[in-house]
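Here's run.csv, which has CSV, C-alpha atoms:
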chain,number,residue,atom,x,y,z
A,546,MET,CA,-37.2,36.2,42.4
A,547,ILE,CA,-36.8,37.6,38.8
A,548,LEU,CA,-33.1,38.5,39.5
A,549,ILE,CA,-32.4,35.0,40.8
A,550,ILE,CA,-33.9,33.4,37.6
A,551,VAL,CA,-31.9,35.7,35.3
A,552,VAL,CA,-28.7,35.0,37.1
A,553,SER,CA,-29.3,31.3,37.1
A,554,ILE,CA,-29.7,31.4,33.3
A,555,TYR,CA,-27.0,33.8,32.5
A,556,ILE,CA,-24.1,32.3,34.5
A,557,PRO,CA,-24.3,28.9,32.8
A,558,TYR,CA,-24.5,30.7,29.4
A,559,ILE,CA,-21.3,32.6,30.2
A,560,ASN,CA,-19.5,29.5,31.3
A,561,ARG,CA,-20.5,27.7,28.1
A,562,ARG,CA,-19.1,30.6,26.0
A,563,ARG,CA,-15.9,30.7,28.1
A,564,ASP,CA,-15.4,26.9,27.7
A,565,SER,CA,-16.1,27.2,23.9
A,566,LYS,CA,-13.6,30.0,23.6
A,567,GLN,CA,-10.9,28.0,25.5
A,568,MET,CA,-11.5,25.0,23.3
A,569,THR,CA,-11.2,27.1,20.1
A,570,GLU,CA,-8.0,28.8,21.4
A,571,HIS,CA,-6.5,25.4,22.3
A,572,ASN,CA,-7.3,24.0,18.8
A,573,LEU,CA,-5.8,27.0,17.0
A,574,SER,CA,-2.7,27.9,19.0
A,575,VAL,CA,-1.7,25.4,21.6
A,576,VAL,CA,0.9,22.9,20.5
A,577,GLU,CA,1.3,19.9,22.8
A,578,THR,CA,4.7,18.5,23.5
A,579,ALA,CA,5.6,15.0,22.3
A,580,THR,CA,3.2,15.3,19.4
A,581,LEU,CA,3.5,14.7,15.7
A,582,TYR,CA,1.2,17.0,13.7
A,583,ILE,CA,0.2,16.1,10.1
A,584,VAL,CA,-0.1,19.5,8.4
A,585,PRO,CA,-1.5,19.9,4.9
A,586,THR,CA,-0.1,22.7,2.8
A,587,PRO,CA,-1.5,24.5,-0.3
A,588,ILE,CA,-1.5,22.7,-3.6
A,589,GLY,CA,-1.2,26.0,-5.5
A,590,ASN,CA,-3.1,28.9,-3.9
A,591,LEU,CA,-1.3,30.0,-0.8
A,592,GLY,CA,-4.6,31.4,0.5
A,593,ASP,CA,-5.8,27.8,1.1
A,594,ILE,CA,-3.5,27.2,4.1
A,595,THR,CA,-5.6,27.2,7.4
A,596,GLN,CA,-5.1,29.4,10.4
A,597,ARG,CA,-4.5,26.3,12.5
A,598,ALA,CA,-1.8,25.0,10.2
A,599,LEU,CA,0.0,28.4,10.4
A,600,GLU,CA,-0.2,28.4,14.2
A,601,VAL,CA,1.2,24.8,14.4
A,602,LEU,CA,4.0,25.5,12.0
A,603,LYS,CA,5.0,28.6,14.0
A,604,SER,CA,4.9,26.8,17.4
A,605,VAL,CA,6.5,23.3,16.8
A,606,ASP,CA,10.1,22.6,17.7
A,607,LEU,CA,10.8,21.0,14.3
A,608,ILE,CA,9.2,20.8,10.8
A,609,ALA,CA,9.9,17.5,8.9
A,610,ALA,CA,9.6,18.4,5.3
A,611,GLU,CA,9.8,16.5,2.0
A,612,ASP,CA,11.9,19.2,0.5
A,613,THR,CA,13.3,21.8,2.9
A,614,ARG,CA,14.0,24.3,0.1
A,615,HIS,CA,10.5,24.1,-1.2
A,616,THR,CA,9.0,24.3,2.3
A,617,GLY,CA,11.4,27.1,3.2
A,618,LYS,CA,9.7,29.3,0.6
A,619,LEU,CA,6.3,28.7,2.1
A,620,LEU,CA,7.5,29.4,5.6
A,621,SER,CA,9.3,32.6,4.4
A,622,HIS,CA,6.1,33.8,2.8
A,623,PHE,CA,4.3,33.5,6.1
A,624,GLY,CA,7.1,34.7,8.3
A,625,ILE,CA,7.7,31.4,10.0
A,626,SER,CA,11.2,30.6,11.3
A,627,SER,CA,10.8,27.1,12.7
A,628,GLN,CA,13.7,24.7,12.1
A,629,THR,CA,13.2,22.2,9.3
A,630,PHE,CA,14.4,18.7,8.8
A,631,ALA,CA,14.5,16.7,5.5
A,632,LEU,CA,12.3,13.7,5.5
A,633,HIS,CA,11.7,12.1,2.1
A,634,ASP,CA,11.2,8.8,0.3
A,635,HIS,CA,14.9,7.9,0.4
A,636,ASN,CA,15.6,8.5,4.1
A,637,GLU,CA,12.3,8.2,5.9
A,638,GLN,CA,12.7,4.7,7.3
A,639,HIS,CA,16.2,5.5,8.4
A,640,LYS,CA,15.3,8.9,10.0
A,641,ALA,CA,12.0,7.8,11.6
A,642,ASP,CA,13.8,6.5,14.8
A,643,LEU,CA,15.6,9.8,15.2
A,644,LEU,CA,12.4,11.8,15.0
A,645,ILE,CA,10.6,9.4,17.4
A,646,SER,CA,13.5,9.9,19.8
A,647,LYS,CA,13.0,13.7,19.6
A,648,LEU,CA,9.2,13.3,20.2
A,649,GLN,CA,9.8,11.0,23.2
A,650,GLN,CA,12.1,13.7,24.6
A,651,GLY,CA,9.2,16.1,24.6
A,652,GLN,CA,9.7,17.9,21.3
A,653,SER,CA,6.7,18.7,19.0
A,654,ILE,CA,7.1,18.0,15.2
A,655,ALA,CA,5.1,19.0,12.2
A,656,LEU,CA,5.1,16.8,9.1
A,657,VAL,CA,4.6,18.5,5.8
A,658,SER,CA,4.9,17.5,2.1
A,659,ASP,CA,5.6,19.7,-0.8
A,660,ALA,CA,1.9,20.3,-1.4
A,661,GLY,CA,-1.3,18.9,-0.1
A,662,THR,CA,-1.8,16.4,2.7
A,663,PRO,CA,1.2,14.3,3.8
A,664,LEU,CA,1.0,10.5,3.1
A,665,ILE,CA,-1.3,10.9,0.1
A,666,SER,CA,1.2,9.8,-2.5
A,667,ASP,CA,3.8,11.6,-0.4
A,668,PRO,CA,6.2,10.5,2.4
A,669,GLY,CA,5.1,10.0,5.9
A,670,TYR,CA,3.6,6.6,6.2
A,671,HIS,CA,6.6,4.9,7.9
A,672,LEU,CA,7.0,7.8,10.4
A,673,VAL,CA,3.3,7.8,11.4
A,674,ASN,CA,3.2,4.0,11.6
A,675,ARG,CA,6.3,3.9,13.8
A,676,CYS,CA,4.8,6.7,16.0
A,677,ARG,CA,1.6,4.6,16.5
A,678,GLN,CA,3.7,1.6,17.4
A,679,ALA,CA,5.7,3.7,19.9
A,680,ASN,CA,2.5,5.3,21.4
A,681,VAL,CA,3.5,8.7,20.3
A,682,ASN,CA,0.6,11.2,19.9
A,683,VAL,CA,-0.3,11.9,16.3
A,684,VAL,CA,-2.7,14.8,15.5
A,685,PRO,CA,-4.0,15.3,11.9
A,686,LEU,CA,-5.0,18.7,10.6
A,687,PRO,CA,-7.6,18.9,7.8
A,688,GLY,CA,-6.6,20.8,4.7
A,689,ALA,CA,-5.8,20.8,1.0
A,690,CYS,CA,-5.8,17.6,-0.9
A,691,ALA,CA,-5.9,17.3,-4.8
A,692,VAL,CA,-7.9,14.1,-4.7
A,693,ILE,CA,-10.8,15.5,-2.8
A,694,THR,CA,-10.6,18.9,-4.5
A,695,ALA,CA,-10.9,17.2,-8.0
A,696,LEU,CA,-13.6,14.8,-6.9
A,697,SER,CA,-15.8,17.6,-5.5
A,698,ALA,CA,-16.0,19.4,-8.9
A,699,ALA,CA,-15.7,16.5,-11.3
A,700,GLY,CA,-19.4,15.7,-11.6
A,701,LEU,CA,-18.8,11.9,-11.2
A,702,PRO,CA,-20.4,9.7,-8.5
A,703,SER,CA,-18.7,10.4,-5.1
A,704,ASP,CA,-20.6,8.0,-2.9
A,705,ARG,CA,-18.0,5.4,-3.6
A,706,PHE,CA,-14.5,6.1,-4.8
A,707,SER,CA,-10.9,5.0,-4.5
A,708,PHE,CA,-7.6,6.8,-4.8
A,709,GLU,CA,-5.1,4.6,-6.7
A,710,GLY,CA,-2.1,6.9,-6.5
A,711,PHE,CA,0.2,7.5,-9.5
A,712,LEU,CA,-0.2,5.3,-12.5
A,713,PRO,CA,2.7,2.9,-13.2
A,714,PRO,CA,5.4,4.4,-15.4
A,715,LYS,CA,5.4,1.6,-18.0
A,716,SER,CA,2.6,0.7,-20.5
A,717,LYS,CA,2.1,-2.9,-19.3
A,718,GLY,CA,1.8,-1.8,-15.7
A,719,ARG,CA,-0.8,0.8,-16.6
A,720,ARG,CA,-2.8,-1.6,-18.7
A,721,ASP,CA,-2.8,-4.2,-15.9
A,722,LYS,CA,-4.1,-1.5,-13.6
A,723,PHE,CA,-6.8,-0.5,-16.0
A,724,GLU,CA,-7.8,-4.2,-16.4
A,725,GLU,CA,-8.0,-4.4,-12.6
A,726,ILE,CA,-10.5,-1.5,-12.3
A,727,ALA,CA,-12.4,-2.1,-15.6
A,728,GLN,CA,-15.4,-3.7,-13.8
A,729,ALA,CA,-15.2,-1.6,-10.7
A,730,GLU,CA,-18.4,0.3,-10.1
A,731,ARG,CA,-16.7,3.0,-8.0
A,732,THR,CA,-15.1,6.2,-9.3
A,733,CYS,CA,-11.3,5.6,-9.5
A,734,ILE,CA,-8.8,8.5,-9.1
A,735,PHE,CA,-5.2,8.6,-10.3
A,736,TYR,CA,-2.4,11.1,-10.3
A,737,GLU,CA,-0.4,11.5,-13.5
A,738,SER,CA,2.5,13.6,-14.8
A,739,PRO,CA,2.4,15.8,-17.9
A,740,HIS,CA,5.0,13.8,-19.8
A,741,ARG,CA,3.1,10.6,-19.5
A,742,ILE,CA,-0.5,11.8,-19.8
A,743,MET,CA,-1.1,11.0,-23.4
A,744,ASP,CA,0.5,7.5,-23.2
A,745,SER,CA,-1.6,6.8,-20.1
A,746,LEU,CA,-4.8,7.9,-21.8
A,747,GLU,CA,-4.0,5.8,-24.9
A,748,ASP,CA,-3.5,2.7,-22.6
A,749,MET,CA,-6.7,3.6,-20.9
A,750,LEU,CA,-8.5,3.8,-24.3
A,751,THR,CA,-7.2,0.3,-25.2
A,752,VAL,CA,-8.6,-1.3,-22.0
A,753,LEU,CA,-11.7,0.8,-21.2
A,754,GLY,CA,-12.8,1.9,-24.6
A,755,PRO,CA,-13.7,5.4,-26.0
A,756,GLU,CA,-17.1,5.7,-24.2
A,757,ARG,CA,-15.9,5.6,-20.6
A,758,GLN,CA,-16.4,9.0,-18.9
A,759,VAL,CA,-13.2,10.5,-17.7
A,760,VAL,CA,-12.4,13.8,-16.1
A,761,LEU,CA,-9.0,15.6,-16.3
A,762,ALA,CA,-8.4,18.1,-13.5
A,763,ARG,CA,-5.1,20.0,-13.9
A,764,GLU,CA,-3.4,22.9,-12.1
A,765,LEU,CA,-6.0,22.9,-9.3
A,766,THR,CA,-6.3,26.2,-7.4
A,767,LYS,CA,-3.8,27.8,-9.7
A,768,THR,CA,-4.2,30.4,-12.5
A,769,TYR,CA,-4.8,27.9,-15.3
A,770,GLU,CA,-7.0,25.5,-13.4
A,771,THR,CA,-8.9,23.2,-15.8
A,772,ILE,CA,-11.5,20.6,-15.1
A,773,TYR,CA,-12.8,18.9,-18.2
A,774,GLY,CA,-14.8,15.7,-18.5
A,775,ALA,CA,-15.9,13.8,-21.6
A,776,PRO,CA,-16.0,10.3,-23.0
A,777,LEU,CA,-12.4,9.1,-23.2
A,778,GLY,CA,-12.1,9.2,-27.0
A,779,GLU,CA,-13.3,12.9,-27.0
A,780,LEU,CA,-11.1,13.8,-24.0
A,781,ILE,CA,-8.0,12.6,-25.9
A,782,GLU,CA,-8.9,14.6,-29.0
A,783,TRP,CA,-9.6,17.7,-26.8
A,784,ILE,CA,-6.1,17.4,-25.2
A,785,LYS,CA,-4.4,17.1,-28.6
A,786,GLU,CA,-6.0,20.4,-29.7
A,787,ASP,CA,-3.8,22.4,-27.4
A,788,ASP,CA,-0.4,21.5,-25.9
A,789,ASN,CA,-1.1,23.6,-22.8
A,790,ARG,CA,-3.7,21.0,-21.8
A,791,LYS,CA,-0.9,18.5,-21.3
A,792,ARG,CA,0.9,20.7,-18.7
A,793,GLY,CA,0.7,20.9,-14.9
A,794,GLU,CA,-0.1,18.7,-12.0
A,795,MET,CA,-2.9,16.3,-13.1
A,796,VAL,CA,-5.7,14.2,-11.5
A,797,LEU,CA,-7.5,11.7,-13.6
A,798,LEU,CA,-11.0,10.6,-12.5
A,799,ILE,CA,-12.7,7.6,-14.2
A,800,HIS,CA,-16.4,6.9,-14.0
A,801,GLY,CA,-17.2,3.5,-12.5
A,802,PHE,CA,-18.3,0.6,-14.7
A,803,ARG,CA,-22.0,0.8,-15.7
A,804,SER,CA,-23.7,-2.3,-17.1
A,805,GLU,CA,-26.3,-1.7,-19.8
A,806,VAL,CA,-29.1,-3.3,-17.9
A,807,LYS,CA,-31.7,-2.3,-20.4
A,808,ASP,CA,-30.0,-4.4,-23.1
A,809,GLU,CA,-30.1,-7.5,-21.0
A,810,LEU,CA,-33.9,-7.4,-20.3
A,811,PRO,CA,-36.6,-8.7,-22.6
A,812,PHE,CA,-39.2,-6.1,-23.6
A,813,GLU,CA,-42.0,-8.3,-22.0
A,814,ALA,CA,-40.3,-8.2,-18.6
A,815,THR,CA,-39.9,-4.4,-18.6
A,816,ARG,CA,-43.5,-4.0,-19.9
A,817,SER,CA,-44.8,-6.1,-17.0
A,818,VAL,CA,-43.0,-4.0,-14.5
A,819,SER,CA,-44.4,-0.9,-16.1
A,820,ILE,CA,-48.0,-2.3,-15.7
A,821,LEU,CA,-47.6,-3.8,-12.2
A,822,VAL,CA,-46.0,-0.7,-10.7
A,823,LYS,CA,-49.3,1.1,-11.2
A,824,GLU,CA,-50.8,-1.0,-8.5
A,825,LEU,CA,-47.7,-2.2,-6.5
A,826,PRO,CA,-44.5,-0.8,-5.1
A,827,LEU,CA,-41.6,-1.0,-7.5
A,828,LYS,CA,-39.8,-3.6,-5.5
A,829,LYS,CA,-42.8,-5.9,-5.4
A,830,ALA,CA,-43.5,-5.3,-9.1
A,831,ALA,CA,-40.0,-6.3,-10.0
A,832,VAL,CA,-40.1,-9.5,-7.9
A,833,MET,CA,-43.4,-10.6,-9.6
A,834,ALA,CA,-42.2,-9.7,-13.1
A,835,ALA,CA,-38.9,-11.5,-12.6
A,836,GLU,CA,-40.7,-14.7,-11.5
A,837,ILE,CA,-43.1,-14.5,-14.5
A,838,HIS,CA,-40.3,-14.0,-17.1
A,839,GLY,CA,-37.4,-15.8,-15.5
A,840,VAL,CA,-35.1,-12.8,-15.2
A,841,LYS,CA,-33.1,-11.2,-12.3
A,842,LYS,CA,-35.3,-9.2,-10.0
A,843,ASN,CA,-32.4,-6.8,-9.1
A,844,ALA,CA,-32.0,-6.0,-12.8
A,845,LEU,CA,-35.7,-5.3,-13.2
A,846,TYR,CA,-35.7,-3.2,-10.1
A,847,LYS,CA,-32.7,-1.1,-11.3
A,848,TRP,CA,-34.3,-0.7,-14.7
A,849,GLY,CA,-37.5,0.6,-12.9
A,850,LEU,CA,-35.5,3.1,-10.9
A,851,GLU,CA,-33.9,4.5,-14.0
A,852,HIS,CA,-36.9,4.5,-16.3
A,853,LEU,CA,-40.1,4.8,-14.3
A,854,ASP,CA,-41.3,7.9,-12.3
Rewrite the structure of this file - the entire thing - as structure tokens.
Amino acid sequence: MILIIVVSIYIPYINRRRDSKQMTEHNLSVVETATLYIVPTPIGNLGDITQRALEVLKSVDLIAAEDTRHTGKLLSHFGISSQTFALHDHNEQHKADLLISKLQQGQSIALVSDAGTPLISDPGYHLVNRCRQANVNVVPLPGACAVITALSAAGLPSDRFSFEGFLPPKSKGRRDKFEEIAQAERTCIFYESPHRIMDSLEDMLTVLGPERQVVLARELTKTYETIYGAPLGELIEWIKEDDNRKRGEMVLLIHGFRSEVKDELPFEATRSVSILVKELPLKKAAVMAAEIHGVKKNALYKWGLEHLD
């Protein structure tokens, strides 16, 4: 009886381990035919490429690359000899049909950009969109992305954020963009190039003012990685102190708009909330105080969250 019980427990356990191992091996090394793989590549540190990405790049029939010379260096470093195909902003729409044809014939293709996750301010949208329309299998791999890397270490609110891509090249376009997000309460993230960074920050200063909290993340994962946050006016002065702070790949993160609720509320209303909250839940106290003093209950509730224990 004891032997039967042990066997009945042990065999399902072995089967679960075997199934788990097979699933892991499939995810890491098996490349399916007629599949487009979206493969992130390092944004600086080659050690950030994933094992799964390497297995896919080794196994696919073709690698569609933003710059075949740039990608060739990456492949050479890891001893990968898969064939490459140039797919960039200038030829993507024209070449999409050719790649879809190859996929429909049973080939497997990996899509890579020069750095980071394809389609994030990089080519690939038209190809992926056309694949979806043609019912071609698309498999995304997780991996490096400068937007998420910067946000994770910026110290700005990350519960709501938007990635806005590269800032417009001309001053009017940049100011229009800053006007567009001036009242947005989410964290807004942009890419910017070294030769335009100061002009962009000056335009930002004009629209958003010197007190808006901004974080500059540059050269992420590289030797001279820098993540520096300050009120915008101070950030500009900090960059001016050292020309090296203007160099490298850059991510700009802007704190969302914060209304100064405390300046909009009369002292009597906030005092009432302070007294009522001793006997009532904050939400109820805010409702009653708002009715007494004729102010917005949400503003009082927010004030209570920020100022009362």
### All residues 8 Å or closer to Gln628 of chain A, all atoms listed in the file, same chain fewer than 6 positions away omitted, as a ChimeraX atom specification
/A:606-608
Write a file of the selected residues as a compact mmCIF listing (two decimals), keeping the file's coordinate frame, keeping C-alpha atoms.
# COMPACT_ATOMS: atom_id res chain seq x y z
CA ASP A 606 10.10 22.60 17.70
CA LEU A 607 10.80 21.00 14.30
CA ILE A 608 9.20 20.80 10.80
Using all atoms listed in the file, find each residue in segment 656-714 of chain A having at least one atom no more than 12 Å away from segment 783-794 of chain A; report its shortest atom-to-atom pair and that distance in Å (one decimal), rows by chain then rising number, as JSON lines.
{"residue": "A:Ala660", "atom": "CA", "partner": "A:Glu794", "partner_atom": "CA", "distance": 10.9}
{"residue": "A:Gly661", "atom": "CA", "partner": "A:Glu794", "partner_atom": "CA", "distance": 12.0}
{"residue": "A:Ala691", "atom": "CA", "partner": "A:Glu794", "partner_atom": "CA", "distance": 9.4}
{"residue": "A:Val692", "atom": "CA", "partner": "A:Glu794", "partner_atom": "CA", "distance": 11.6}
{"residue": "A:Ala695", "atom": "CA", "partner": "A:Glu794", "partner_atom": "CA", "distance": 11.6}
{"residue": "A:Phe711", "atom": "CA", "partner": "A:Glu794", "partner_atom": "CA", "distance": 11.5}
### Message
If we count all atoms listed in the file and set the cut-off at 10 Å, which residues sit around His615 of chain A, ignoring sequence neighbours fewer than 4 positions away in its own chain? Please answer as a VMD selection string.
### Response
chain A and resid 610 to 611 619 to 620 658 to 660
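In terms of minimum interatomic distance to Val760 of chain A, A:Ala699 ranks closest within A:Val684, A:Thr662, A:Pro811, A:Ala699, counting all atoms listed in the file.
Atom CA of Thr616 of chain A to atom CA of Cys690 of chain A spans 16.6 Å [interatomic distance, one decimal].
For the pair atom CA of Ala579 of chain A and atom CA of Arg677 of chain A, the interatomic distance is 12.6 Å.
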### Task
Please identify all polymer residues within 7 Å of segment 725-741 of chain A, counting only C-alpha atoms, omitting same-chain residues fewer than 6 positions from it, and present them as a PyMOL selection string.
chain A and resi 702-703+705-712+753+791-803
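Between atom CA of Ser646 of chain A and atom CA of Leu686 of chain A the separation is 22.5 Å.
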### Task
Determine, counting all atoms listed in the file, which protein, DNA and RNA residues have an atom within 10 Å of an atom of Asn590 of chain A; residues of the same chain fewer than 5 positions away are not included. Present the result as a PyMOL selection string.
chain A and resi 689+765-768
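Shortest atom-to-atom contact with His838 of chain A among A:Ile772, A:Leu644, A:Ala814, A:Val605: A:Ala814, counting only C-alpha atoms.
Shortest atom-to-atom contact with Met749 of chain A among A:Leu777, A:Ile645, A:Ile594, A:Val673: A:Leu777, counting only C-alpha atoms.
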### Message
Taking 5 positions as the minimum chain separation for residues in the same chain, which residues sit within 12 Å of segment 833-836 of chain A when counting all atoms listed in the file? Answer as a ChimeraX atom specification.
### Response
/A:810-822,825-828,841-846,848-849
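Of the listed residues A:Arg719, A:Arg597, A:His671, A:Arg757, the one whose atoms come nearest to Val584 of chain A is A:Arg597, with distances taken using all atoms listed in the file.
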